[in-house]
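See structure below.
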Amino acid sequence: MYPELGQLALVLALLLAVLLSVVPLVGAITGRDSLQAFARPLASGVFVFIGLAFAILTHAFLVDDFSVAYVANNSNSMLPWYYKMSAVWGGHEGSLLLWILMLSAWILAVAVFSRRLPTVMISQVLSVLGMVAVGFLLFVIVTSNPFDRLLPNIPADGQDLNPLLQDVGLIMHPPMLYMGYVGFSVAFAFAIAALINGRLDAAWARWSRPWTTVAWSFLTIGIALGSWWAYYELGWGGWWFWDPVENASLLPWLSGTALMHSLAVTEKRGVFKSWTVLLAIVTFALSLLGTFLVRSGVLTSVHAFASDPERGSFLLALLGITVIGSLTLYAFRAQVVHVRARYGGLSREVFLLLNNVLLVSATLLVAIGTLYPLVLDYLNMGKLSIGEPFFNTTFTPLGVAAGLLLGAGIFSRWKKTDGGWLGRKLLWPLTISILASTAVVIGYGGFKPWAFIGVFTAMWVAVATFWDLWDKSSSRQGRWYGLKRQSRSYWGMVLGHLGLAIVMAGVTVVSNYGIERDVRMQPGDVAEVGDYRVVFNDIGERQGANFTAQYGSFDVFLDGEQVAELHPEKRQYPVGMSVMTEADIDAGLFRDIFVAIAERIDGDAWAIRLQYKPLVRWLWLGALVMAIGGFLAIADKRYRIKVRRQQESRAASPKIDGNPAEATS
């Protein structure tokens with residue numbers, strides 16, 4: 001009976017989403033406050049019923065209800081309870097339900113935390129989000145119902161969850177990733193609402209900016225968790241493979257980064273409105289594109305869940321309606337977006353514009369490299385493989401250029417910057433960056449051109465950020481007072497830029513100075529990787545919750561002293577007859593020693609993968625620092641104080657055309 005209640009809850013959520021997409025919008029257009037008042041209750045109702053459906057599906061997994069087809073296909077009675085919970089989103093239908101749950105949570109958050117915004121704007125924003133919810137609820141109910149029954153032939157046990165997904169990374173990675181994906185729908189909804197009512201001003205940018213930053217921060221964490229999972233779980237030791245599904249999450253992150261900076265300029269100077277609106281539309285469209293790639297069956301990957309053409313057609317239609325409809329509205333409202341402004345060639349506006357151009361170029365590059373082979377294959381024009389060499393060769397120069405511009409742009413001023421003053425300002429940071437980069441590359445084993453360029457770019461961003469912080473902390477009351485008076489938004493920017501520098505340093509060093517060796521070893525053998533000696537002691541067996549494993553015992557030595565004992569495994573899952581490699585890693589802030597067991601060669605001899613990974617942890621540390629910077633930025637006082645002042649001003653001001661007089665433009 002519970003699955004039927006879950007199905008009913010989805011249908012009721014769909015009905016409420018239809019009302020949410022229509023009633024408040026009609027109220028906003030006609031000026032009827034009574035209709036606009038329905039927006040928040042309807043948003044709450046959508047969340048409640050989608051949450052109920054998700055809870056019912058989770059219950060079905062926990063109690064091993066194999067009468068539900070989705071549970072039978074993605075779980076097993078031997079599966080530990082925590083993996084049963086993560087199995088809820090381990091397949092196509094459940095992952096879509098999680099996507100919709102996240103969307104309903106964002107809708108509820110907008111309804112709850114935007115009470116001081118104009119009622120007309122919030123009614124339109126929630127209506128647009130309701131339309132998105134309608135599309136995805138229809139998709140789930142019509143093509144991807146997670147509550148379909150297997151009656152009357154109920155299996156005695158399930159087919160088990162993909163062993164690759166039986167990992168703590170899967171528990172955290174999809175929810176974080178989806179929070180970012182879906183969160184960009186709020187920025188999209190604000191942009192569409194602003195186009196509808198012609199309110200593309202600084203206040204609109206201020207309202208939209210924190211939601212965009214939160215979504216970007218969650219997506220950053222989600223991508224980092226996915227990279228971390230791939231690094232230790234797949235047994236290859238790689239942290240990014242330029243897999244099309246990996247790229248599907250990178251695309252909205254790149255355009256979302258450009259959107260954040262464009263919103264900052266629109267809020268501060270009232271310019272870049274066209275950029276901002278188009279980036280909001282494109283970023284959400286890329287989130288939908290990622291959903292299409294993963295769940296349409298056009299890709300074969302451990303990340304990909306569906307192979308039904310009907311599902312792909314539905315998602316493609318939804319993507320087409322979103323893009324065409326929003327761009328058509330943009331075209332009709334182009335006069336609202338147009339703005340004239342003057343600024344010098346070395347102003348902060350120009351540096352931010354150039355960085356946005358580079359970010360958009362990188363987005364297009366990754367999109368072309370990802371989609372072009374798929375289009376060729378679909379048109380029966382042959383198969384083409386575009387892999388790591390293409391992306392590394394073309395993406396790296398854009399990343400370096402963006403970093404160099406970022407470091408210089410930190411010192412520029414709004415409207416106009418004197419070239420001589422800027423040159424003098426950059427001289428010492430430039431000198432320090434060159435010297436420090438030279439020392440780093442020599443210390444890691446010798447000069448390599450791209451290694452020096454990458455490390456220099458990272459140093460340049462970091463030194464410029466610290467130098468700017470030192471300048472801004474100058475105060476008659478002392479440096480500590482000067483630091484304390486900086487806004488949380490500024491500190492968020494500092495952490496964001498430092499996080500990027502950390503990531504760039506990690507990427508450069510591990511890519512240029514990492515060592516990988518595939519060796520044949522048997523108990524008693526010794527192999528070297530970098531400055532480390534690895535001793536293969538023996539191999540044993542153990543029994544897991546739902547698998548058996550052969551595990552190796554390895555001692556790692558540096559300069560004659562033991563630094564680690566590692567136990568990589570080769571696991572056999574009897575239900576799905578799967579064999580998985582579980583690497584073991586001696587992790588450190590400055591290096592990882594990675595050991596994985598591949599295949600038995602003959603007798604006691606095994607193929608062993610040994611890797612030395614300098615600074616690889618900096619990839620995920622830097623991403624975490626960037627995300628923390630984003631969360632810190634949205635805690636800035638101006639997002640609370642100014643809207644409070646605006647509310648007080650509205651109470652004392654007359655209404656114009658049904659809208660309160662603007663107080664914070």
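Note on naming: chains are A, B, ... as they come in the structure tokens, residues start from 1 per chain, ligands start from 1 in the order shown.
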
**Message:** DSSP on the backbone, strand (DSSP E) only: what residues of stretch 392-526 of chain A does that give? Format it as a ChimeraX atom specification.
**Reply:** /A:515-521,526

Please give the complete set of residues from stretch 341-584 of chain A that DSSP, run on the backbone, assigns to alpha helix (DSSP H), formatted as a short mmCIF file (atom, residue, chain, number, x, y, z; two decimals) with N, CA and C atoms, in the first residue's frame.
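So states.cif came out as:
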```cif
data_model
loop_
_atom_site.label_atom_id
_atom_site.label_comp_id
_atom_site.auth_asym_id
_atom_site.auth_seq_id
_atom_site.Cartn_x
_atom_site.Cartn_y
_atom_site.Cartn_z
N ARG A 348 38.00 47.80 -13.36
CA ARG A 348 37.62 46.48 -12.86
C ARG A 348 36.54 45.87 -13.74
N GLU A 349 35.67 46.70 -14.31
CA GLU A 349 34.63 46.19 -15.19
C GLU A 349 35.23 45.43 -16.37
N VAL A 350 36.31 45.98 -16.94
CA VAL A 350 36.93 45.35 -18.11
C VAL A 350 37.58 44.03 -17.73
N PHE A 351 38.27 44.00 -16.59
CA PHE A 351 38.90 42.75 -16.16
C PHE A 351 37.84 41.66 -15.91
N LEU A 352 36.73 42.03 -15.27
CA LEU A 352 35.66 41.05 -15.03
C LEU A 352 35.02 40.61 -16.34
N LEU A 353 34.87 41.55 -17.28
CA LEU A 353 34.29 41.18 -18.58
C LEU A 353 35.20 40.20 -19.31
N LEU A 354 36.51 40.48 -19.31
CA LEU A 354 37.45 39.58 -20.00
C LEU A 354 37.47 38.21 -19.34
N ASN A 355 37.41 38.17 -18.01
CA ASN A 355 37.37 36.88 -17.33
C ASN A 355 36.10 36.12 -17.67
N ASN A 356 34.98 36.84 -17.77
CA ASN A 356 33.75 36.18 -18.17
C ASN A 356 33.83 35.62 -19.59
N VAL A 357 34.49 36.37 -20.47
CA VAL A 357 34.69 35.88 -21.84
C VAL A 357 35.49 34.59 -21.83
N LEU A 358 36.54 34.54 -21.01
CA LEU A 358 37.35 33.33 -20.93
C LEU A 358 36.56 32.17 -20.33
N LEU A 359 35.76 32.44 -19.31
CA LEU A 359 34.95 31.37 -18.71
C LEU A 359 33.91 30.85 -19.70
N VAL A 360 33.28 31.75 -20.44
CA VAL A 360 32.30 31.31 -21.43
C VAL A 360 33.00 30.54 -22.55
N SER A 361 34.20 30.99 -22.95
CA SER A 361 34.96 30.27 -23.98
C SER A 361 35.30 28.86 -23.50
N ALA A 362 35.70 28.74 -22.23
CA ALA A 362 36.00 27.42 -21.68
C ALA A 362 34.75 26.55 -21.65
N THR A 363 33.62 27.16 -21.34
CA THR A 363 32.35 26.42 -21.34
C THR A 363 32.04 25.89 -22.73
N LEU A 364 32.18 26.76 -23.73
CA LEU A 364 31.93 26.33 -25.12
C LEU A 364 32.89 25.24 -25.54
N LEU A 365 34.15 25.37 -25.14
CA LEU A 365 35.16 24.38 -25.50
C LEU A 365 34.80 23.01 -24.95
N VAL A 366 34.46 22.96 -23.66
CA VAL A 366 34.10 21.69 -23.04
C VAL A 366 32.81 21.14 -23.66
N ALA A 367 31.86 22.03 -23.94
CA ALA A 367 30.60 21.58 -24.53
C ALA A 367 30.82 20.98 -25.91
N ILE A 368 31.65 21.62 -26.72
CA ILE A 368 31.91 21.10 -28.07
C ILE A 368 32.64 19.77 -27.98
N GLY A 369 33.66 19.70 -27.14
CA GLY A 369 34.41 18.45 -27.00
C GLY A 369 33.56 17.31 -26.48
N THR A 370 32.54 17.64 -25.69
CA THR A 370 31.67 16.61 -25.12
C THR A 370 30.57 16.19 -26.08
N LEU A 371 29.96 17.17 -26.75
CA LEU A 371 28.76 16.90 -27.54
C LEU A 371 29.05 16.54 -29.00
N TYR A 372 30.14 17.05 -29.55
CA TYR A 372 30.41 16.82 -30.97
C TYR A 372 30.48 15.33 -31.33
N PRO A 373 31.20 14.50 -30.55
CA PRO A 373 31.20 13.06 -30.88
C PRO A 373 29.80 12.44 -30.79
N LEU A 374 28.98 12.90 -29.85
CA LEU A 374 27.62 12.36 -29.71
C LEU A 374 26.76 12.72 -30.92
N VAL A 375 26.92 13.96 -31.40
CA VAL A 375 26.14 14.39 -32.56
C VAL A 375 26.57 13.60 -33.80
N LEU A 376 27.88 13.41 -33.99
CA LEU A 376 28.36 12.63 -35.14
C LEU A 376 27.80 11.21 -35.11
N ASP A 377 27.84 10.61 -33.93
CA ASP A 377 27.34 9.24 -33.80
C ASP A 377 25.84 9.18 -34.08
N TYR A 378 25.10 10.17 -33.57
CA TYR A 378 23.64 10.18 -33.78
C TYR A 378 23.30 10.34 -35.25
N GLU A 388 41.35 13.16 -23.13
CA GLU A 388 42.14 14.01 -22.25
C GLU A 388 43.14 14.91 -22.98
N PRO A 389 43.86 14.44 -24.00
CA PRO A 389 44.82 15.33 -24.66
C PRO A 389 44.17 16.58 -25.24
N PHE A 390 43.01 16.43 -25.86
CA PHE A 390 42.32 17.59 -26.44
C PHE A 390 41.95 18.60 -25.36
N PHE A 391 41.32 18.13 -24.30
CA PHE A 391 40.86 19.04 -23.25
C PHE A 391 42.04 19.69 -22.53
N ASN A 392 43.07 18.91 -22.21
CA ASN A 392 44.22 19.49 -21.52
C ASN A 392 44.92 20.55 -22.38
N THR A 393 45.04 20.26 -23.68
CA THR A 393 45.74 21.19 -24.56
C THR A 393 44.98 22.49 -24.75
N THR A 394 43.67 22.41 -24.83
CA THR A 394 42.87 23.60 -25.13
C THR A 394 42.36 24.31 -23.88
N PHE A 395 42.07 23.56 -22.84
CA PHE A 395 41.48 24.15 -21.63
C PHE A 395 42.54 24.83 -20.78
N THR A 396 43.74 24.26 -20.72
CA THR A 396 44.79 24.79 -19.85
C THR A 396 45.14 26.25 -20.16
N PRO A 397 45.37 26.64 -21.42
CA PRO A 397 45.68 28.06 -21.68
C PRO A 397 44.58 29.01 -21.23
N LEU A 398 43.33 28.61 -21.39
CA LEU A 398 42.23 29.46 -20.95
C LEU A 398 42.24 29.62 -19.43
N GLY A 399 42.51 28.51 -18.73
CA GLY A 399 42.58 28.58 -17.28
C GLY A 399 43.71 29.47 -16.80
N VAL A 400 44.87 29.37 -17.45
CA VAL A 400 46.01 30.21 -17.09
C VAL A 400 45.69 31.68 -17.34
N ALA A 401 45.11 31.97 -18.50
CA ALA A 401 44.77 33.35 -18.83
C ALA A 401 43.78 33.93 -17.83
N ALA A 402 42.78 33.13 -17.45
CA ALA A 402 41.81 33.60 -16.46
C ALA A 402 42.48 33.89 -15.13
N GLY A 403 43.42 33.04 -14.71
CA GLY A 403 44.13 33.28 -13.46
C GLY A 403 44.99 34.54 -13.50
N LEU A 404 45.67 34.76 -14.61
CA LEU A 404 46.50 35.95 -14.74
C LEU A 404 45.65 37.22 -14.71
N LEU A 405 44.52 37.21 -15.40
CA LEU A 405 43.62 38.36 -15.38
C LEU A 405 43.04 38.59 -13.99
N LEU A 406 42.73 37.49 -13.30
CA LEU A 406 42.16 37.60 -11.96
C LEU A 406 43.13 38.32 -11.03
N GLY A 407 44.41 37.89 -11.07
CA GLY A 407 45.39 38.51 -10.19
C GLY A 407 45.56 39.99 -10.46
N ALA A 408 45.55 40.38 -11.72
CA ALA A 408 45.69 41.80 -12.06
C ALA A 408 44.43 42.57 -11.72
N GLY A 409 43.28 41.95 -11.97
CA GLY A 409 42.01 42.64 -11.74
C GLY A 409 41.73 42.94 -10.29
N GLY A 419 47.02 53.46 -15.57
CA GLY A 419 47.92 52.39 -15.97
C GLY A 419 49.23 52.39 -15.20
N GLY A 420 49.82 53.56 -15.00
CA GLY A 420 51.07 53.63 -14.26
C GLY A 420 50.91 53.19 -12.81
N TRP A 421 49.82 53.63 -12.18
CA TRP A 421 49.56 53.22 -10.80
C TRP A 421 49.38 51.72 -10.71
N LEU A 422 48.63 51.12 -11.67
CA LEU A 422 48.39 49.69 -11.65
C LEU A 422 49.68 48.91 -11.86
N GLY A 423 50.54 49.40 -12.77
CA GLY A 423 51.82 48.73 -13.01
C GLY A 423 52.68 48.71 -11.77
N ARG A 424 52.75 49.83 -11.06
CA ARG A 424 53.54 49.88 -9.83
C ARG A 424 52.95 48.96 -8.77
N LYS A 425 51.63 48.87 -8.75
CA LYS A 425 50.95 48.03 -7.77
C LYS A 425 51.25 46.55 -8.01
N LEU A 426 51.43 46.19 -9.27
CA LEU A 426 51.63 44.78 -9.61
C LEU A 426 53.09 44.34 -9.53
N LEU A 427 54.02 45.28 -9.40
CA LEU A 427 55.44 44.95 -9.51
C LEU A 427 55.90 43.96 -8.45
N TRP A 428 55.64 44.25 -7.18
CA TRP A 428 56.11 43.36 -6.12
C TRP A 428 55.39 42.02 -6.11
N PRO A 429 54.06 41.97 -6.25
CA PRO A 429 53.41 40.65 -6.35
C PRO A 429 53.96 39.82 -7.50
N LEU A 430 54.27 40.48 -8.64
CA LEU A 430 54.83 39.76 -9.78
C LEU A 430 56.21 39.19 -9.45
N THR A 431 57.04 39.97 -8.81
CA THR A 431 58.39 39.51 -8.46
C THR A 431 58.34 38.33 -7.48
N ILE A 432 57.52 38.47 -6.45
CA ILE A 432 57.40 37.40 -5.46
C ILE A 432 56.87 36.13 -6.11
N SER A 433 55.90 36.25 -7.00
CA SER A 433 55.32 35.07 -7.65
C SER A 433 56.34 34.35 -8.51
N ILE A 434 57.16 35.09 -9.24
CA ILE A 434 58.19 34.48 -10.10
C ILE A 434 59.21 33.72 -9.25
N LEU A 435 59.69 34.36 -8.19
CA LEU A 435 60.70 33.72 -7.35
C LEU A 435 60.14 32.48 -6.66
N ALA A 436 58.95 32.59 -6.10
CA ALA A 436 58.35 31.44 -5.40
C ALA A 436 58.07 30.30 -6.37
N SER A 437 57.60 30.60 -7.56
CA SER A 437 57.30 29.55 -8.54
C SER A 437 58.57 28.83 -8.98
N THR A 438 59.63 29.58 -9.17
CA THR A 438 60.90 28.97 -9.55
C THR A 438 61.38 28.00 -8.47
N ALA A 439 61.26 28.42 -7.21
CA ALA A 439 61.69 27.55 -6.10
C ALA A 439 60.85 26.28 -6.04
N VAL A 440 59.54 26.39 -6.28
CA VAL A 440 58.66 25.23 -6.20
C VAL A 440 59.01 24.21 -7.29
N VAL A 441 59.12 24.64 -8.54
CA VAL A 441 59.36 23.68 -9.62
C VAL A 441 60.74 23.04 -9.50
N ILE A 442 61.73 23.79 -9.01
CA ILE A 442 63.06 23.19 -8.81
C ILE A 442 62.99 22.17 -7.67
N GLY A 443 62.28 22.52 -6.63
CA GLY A 443 62.16 21.61 -5.49
C GLY A 443 61.44 20.31 -5.84
N PRO A 449 58.20 23.75 -18.56
CA PRO A 449 57.53 25.00 -18.93
C PRO A 449 56.10 25.11 -18.41
N TRP A 450 55.27 24.09 -18.67
CA TRP A 450 53.88 24.19 -18.24
C TRP A 450 53.75 24.08 -16.73
N ALA A 451 54.66 23.35 -16.11
CA ALA A 451 54.64 23.29 -14.64
C ALA A 451 54.93 24.67 -14.06
N PHE A 452 55.91 25.36 -14.60
CA PHE A 452 56.24 26.70 -14.11
C PHE A 452 55.07 27.66 -14.35
N ILE A 453 54.47 27.59 -15.53
CA ILE A 453 53.36 28.50 -15.85
C ILE A 453 52.19 28.26 -14.90
N GLY A 454 51.86 26.99 -14.66
CA GLY A 454 50.74 26.68 -13.78
C GLY A 454 50.99 27.10 -12.34
N VAL A 455 52.21 26.80 -11.83
CA VAL A 455 52.54 27.18 -10.45
C VAL A 455 52.60 28.70 -10.34
N PHE A 456 53.15 29.36 -11.36
CA PHE A 456 53.20 30.83 -11.32
C PHE A 456 51.80 31.43 -11.28
N THR A 457 50.90 30.89 -12.07
CA THR A 457 49.52 31.41 -12.06
C THR A 457 48.88 31.25 -10.70
N ALA A 458 49.08 30.08 -10.09
CA ALA A 458 48.54 29.86 -8.74
C ALA A 458 49.16 30.82 -7.74
N MET A 459 50.49 30.98 -7.80
CA MET A 459 51.18 31.91 -6.91
C MET A 459 50.70 33.34 -7.14
N TRP A 460 50.53 33.70 -8.39
CA TRP A 460 50.11 35.05 -8.77
C TRP A 460 48.74 35.39 -8.15
N VAL A 461 47.81 34.45 -8.26
CA VAL A 461 46.48 34.67 -7.68
C VAL A 461 46.57 34.78 -6.16
N ALA A 462 47.34 33.87 -5.54
CA ALA A 462 47.44 33.87 -4.08
C ALA A 462 48.14 35.12 -3.56
N VAL A 463 49.29 35.47 -4.16
CA VAL A 463 50.04 36.63 -3.70
C VAL A 463 49.24 37.91 -3.91
N ALA A 464 48.59 38.04 -5.06
CA ALA A 464 47.77 39.23 -5.32
C ALA A 464 46.63 39.34 -4.31
N THR A 465 46.03 38.21 -3.97
CA THR A 465 44.94 38.22 -3.00
C THR A 465 45.43 38.65 -1.62
N PHE A 466 46.55 38.08 -1.17
CA PHE A 466 47.11 38.47 0.13
C PHE A 466 47.58 39.93 0.13
N TRP A 467 48.16 40.37 -0.99
CA TRP A 467 48.63 41.75 -1.07
C TRP A 467 47.46 42.73 -0.97
N ASP A 468 46.39 42.41 -1.66
CA ASP A 468 45.20 43.26 -1.59
C ASP A 468 44.62 43.26 -0.18
N LEU A 469 44.63 42.10 0.47
CA LEU A 469 44.15 42.02 1.85
C LEU A 469 45.01 42.88 2.77
N TRP A 470 46.32 42.86 2.55
CA TRP A 470 47.23 43.68 3.35
C TRP A 470 46.94 45.17 3.15
N ASP A 471 46.70 45.56 1.89
CA ASP A 471 46.38 46.96 1.61
C ASP A 471 45.08 47.39 2.30
N LYS A 472 44.08 46.56 2.21
CA LYS A 472 42.77 46.92 2.76
C LYS A 472 42.74 46.88 4.28
N ARG A 479 46.32 46.92 12.11
CA ARG A 479 45.96 45.94 11.09
C ARG A 479 44.79 45.06 11.53
N TRP A 480 44.78 44.66 12.79
CA TRP A 480 43.72 43.77 13.25
C TRP A 480 42.36 44.44 13.11
N TYR A 481 42.30 45.72 13.44
CA TYR A 481 41.05 46.46 13.27
C TYR A 481 40.68 46.55 11.80
N GLY A 482 41.69 46.78 10.96
CA GLY A 482 41.43 46.86 9.53
C GLY A 482 40.90 45.55 8.97
N LEU A 483 41.40 44.42 9.47
CA LEU A 483 40.90 43.12 9.01
C LEU A 483 39.46 42.90 9.48
N LYS A 484 39.18 43.29 10.72
CA LYS A 484 37.83 43.04 11.26
C LYS A 484 36.77 43.87 10.57
N ARG A 488 31.91 40.43 5.15
CA ARG A 488 31.93 38.99 4.91
C ARG A 488 31.97 38.68 3.42
N SER A 489 31.37 39.55 2.63
CA SER A 489 31.43 39.36 1.18
C SER A 489 32.87 39.44 0.68
N TYR A 490 33.63 40.38 1.23
CA TYR A 490 35.04 40.50 0.84
C TYR A 490 35.82 39.27 1.28
N TRP A 491 35.60 38.82 2.52
CA TRP A 491 36.29 37.62 3.00
C TRP A 491 35.90 36.40 2.15
N GLY A 492 34.65 36.36 1.73
CA GLY A 492 34.24 35.27 0.85
C GLY A 492 34.99 35.29 -0.46
N MET A 493 35.19 36.50 -1.02
CA MET A 493 35.96 36.63 -2.25
C MET A 493 37.41 36.19 -2.04
N VAL A 494 37.99 36.59 -0.90
CA VAL A 494 39.37 36.19 -0.59
C VAL A 494 39.49 34.67 -0.55
N LEU A 495 38.58 34.01 0.16
CA LEU A 495 38.64 32.54 0.25
C LEU A 495 38.40 31.91 -1.12
N GLY A 496 37.49 32.47 -1.89
CA GLY A 496 37.23 31.92 -3.22
C GLY A 496 38.46 31.97 -4.11
N HIS A 497 39.15 33.10 -4.10
CA HIS A 497 40.35 33.23 -4.93
C HIS A 497 41.50 32.36 -4.40
N LEU A 498 41.66 32.31 -3.07
CA LEU A 498 42.70 31.45 -2.51
C LEU A 498 42.41 29.98 -2.80
N GLY A 499 41.13 29.59 -2.72
CA GLY A 499 40.77 28.22 -3.04
C GLY A 499 41.11 27.87 -4.48
N LEU A 500 40.85 28.82 -5.40
CA LEU A 500 41.21 28.59 -6.79
C LEU A 500 42.72 28.43 -6.94
N ALA A 501 43.49 29.26 -6.24
CA ALA A 501 44.96 29.16 -6.31
C ALA A 501 45.43 27.80 -5.80
N ILE A 502 44.82 27.32 -4.72
CA ILE A 502 45.19 26.01 -4.17
C ILE A 502 44.89 24.90 -5.18
N VAL A 503 43.72 24.96 -5.81
CA VAL A 503 43.36 23.96 -6.83
C VAL A 503 44.34 23.98 -7.98
N MET A 504 44.66 25.18 -8.48
CA MET A 504 45.57 25.30 -9.61
C MET A 504 46.95 24.75 -9.27
N ALA A 505 47.42 25.02 -8.04
CA ALA A 505 48.72 24.48 -7.63
C ALA A 505 48.68 22.96 -7.58
N GLY A 506 47.61 22.41 -7.00
CA GLY A 506 47.49 20.96 -6.91
C GLY A 506 47.43 20.31 -8.28
N VAL A 507 46.61 20.87 -9.18
CA VAL A 507 46.49 20.32 -10.53
C VAL A 507 47.84 20.32 -11.24
N THR A 508 48.54 21.44 -11.14
CA THR A 508 49.81 21.57 -11.85
C THR A 508 50.86 20.59 -11.33
N VAL A 509 51.02 20.54 -10.02
CA VAL A 509 52.08 19.71 -9.45
C VAL A 509 51.80 18.23 -9.65
N VAL A 510 50.57 17.79 -9.37
CA VAL A 510 50.29 16.36 -9.51
C VAL A 510 50.34 15.92 -10.97
N SER A 511 49.97 16.81 -11.89
CA SER A 511 49.98 16.45 -13.31
C SER A 511 51.40 16.37 -13.87
N ASN A 512 52.30 17.19 -13.34
CA ASN A 512 53.66 17.26 -13.90
C ASN A 512 54.69 16.45 -13.12
N TYR A 513 54.44 16.24 -11.83
CA TYR A 513 55.45 15.57 -11.01
C TYR A 513 54.95 14.29 -10.35
#
```

List every residue of stretch 199-306 of chain A that has an atom at most 10 Å from any atom of stretch 594-598 of chain A, giving for each one its closest atom pair and the distance in Å to one decimal, counting only C-alpha atoms, sorted by chain and then by ascending residue number, as a tab-separated table.
```
residue	atom	partner	partner_atom	distance
A:Tyr231	CA	A:Phe594	CA	9.8
A:Tyr232	CA	A:Phe594	CA	8.6
A:Leu234	CA	A:Ala596	CA	9.9
A:Gly235	CA	A:Ala596	CA	6.2
A:Trp236	CA	A:Ala596	CA	8.0
A:Gly237	CA	A:Phe594	CA	7.2
```

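Using only C-alpha atoms for every distance, the candidate list A:Arg542, A:Arg209, A:His59, A:Arg269 yields A:Arg209 as the residue closest to A:Phe184.
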
**A:Met85, A:Ile601, A:Leu151, A:Met260 ranked by distance to A:Pro210, top pick (using only C-alpha atoms)** = A:Met260

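Among the candidates A:Gly630, A:Glu561, A:Ala69, A:Ala607, the one nearest to A:Trp211 when counting only C-alpha atoms is A:Gly630.
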
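With only C-alpha atoms as the atoms that count, the minimum distance from A:Ile171 to the choices A:Gly226, A:Gly544, A:Pro155, A:Gly445 is reached by A:Gly226.
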
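Straight-line separation from atom CA of A:Leu12 to atom CA of A:Trp106: 18.6 Å.
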
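Of note, atom CA of A:Phe147 and atom CA of A:Leu57 are spaced 7.5 Å apart.
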
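Within the 8 Å cut-off around A:Gly222, using only C-alpha atoms and omitting residues fewer than 3 positions from it on the same chain, the listed residues are A:Met172, A:His173, A:Pro174, A:Pro175, A:Met176, A:Leu177, A:Tyr178, A:Gly180, A:Phe218, A:Leu219, A:Leu225, A:Gly226.
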
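The list of residues with at least one atom within 8 Å of A:Leu319, based on only C-alpha atoms and without residues fewer than 2 positions apart in the same chain, reads Ala285, Leu288, Leu289, Leu315, Leu316, Ala317, Ile321, Thr322 and Val323 of chain A.
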
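Among the candidates A:Ser217, A:Thr58, A:Ser144, A:Thr212, the one nearest to A:Val110 when counting only C-alpha atoms is A:Thr212.
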
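Atom CA of A:Gly603 is found 28.0 Å from atom CA of A:Gly530.
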
**Message:** Show me, as a count of residues only, the residues that have an atom within 9 Å of A:Leu8 when counting only C-alpha atoms, minus same-chain residues fewer than 4 positions from it.
**Reply:** 6

**Request:** Name the residues in contact with A:Ala334 at a cut-off of 10 Å, using only C-alpha atoms, excluding same-chain residues fewer than 4 positions from it; report them as a ChimeraX atom specification.
**Result:** /A:195,198,274,328-330,338

Keeping N, CA and C atoms, export the residues of the selection given above as a short mmCIF file (atom, residue, chain, number, x, y, z; two decimals), in the first residue's frame.
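File produced: again.cif:
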```cif
data_model
loop_
_atom_site.label_atom_id
_atom_site.label_comp_id
_atom_site.auth_asym_id
_atom_site.auth_seq_id
_atom_site.Cartn_x
_atom_site.Cartn_y
_atom_site.Cartn_z
N LEU A 195 12.74 39.87 -16.33
CA LEU A 195 12.39 40.18 -17.72
C LEU A 195 10.89 40.44 -17.86
N GLY A 198 10.27 43.83 -16.14
CA GLY A 198 11.16 44.91 -16.55
C GLY A 198 12.00 45.49 -15.43
N SER A 274 22.82 42.38 -19.87
CA SER A 274 22.63 41.36 -20.91
C SER A 274 23.41 40.10 -20.56
N THR A 328 13.25 33.65 -26.21
CA THR A 328 12.21 34.44 -26.88
C THR A 328 11.77 35.59 -26.00
N LEU A 329 11.55 35.32 -24.73
CA LEU A 329 11.19 36.39 -23.79
C LEU A 329 12.30 37.42 -23.72
N TYR A 330 13.54 36.96 -23.71
CA TYR A 330 14.68 37.89 -23.67
C TYR A 330 14.69 38.78 -24.90
N HIS A 338 19.01 46.73 -22.22
CA HIS A 338 20.02 47.64 -22.79
C HIS A 338 20.40 48.72 -21.78
#
```

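Each of A:Glu569, A:Asp525, A:Ser578, A:Leu384 was checked against A:Asp604 using only C-alpha atoms; the smallest atom-to-atom distance is that of A:Asp525.
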
Neighbouring residues of stretch 28-31 of chain A were defined as those with any atom within 7 Å, considering only C-alpha atoms; residues of the same chain fewer than 4 positions away were excluded. Please report them as an mmCIF file with C-alpha atoms, in the first residue's frame.
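Saved as part-v7.cif:
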```cif
data_model
loop_
_atom_site.group_PDB
_atom_site.id
_atom_site.type_symbol
_atom_site.label_atom_id
_atom_site.label_comp_id
_atom_site.auth_asym_id
_atom_site.auth_seq_id
_atom_site.Cartn_x
_atom_site.Cartn_y
_atom_site.Cartn_z
ATOM 1 C CA PRO A 24 0.539 33.584 -8.434
ATOM 2 C CA GLN A 36 -0.322 36.196 -5.105
ATOM 3 C CA VAL A 120 5.080 40.708 -7.258
ATOM 4 C CA SER A 123 5.081 35.505 -7.007
ATOM 5 C CA GLN A 124 6.707 35.462 -10.450
ATOM 6 C CA GLY A 658 0.839 48.362 -7.573
#
```
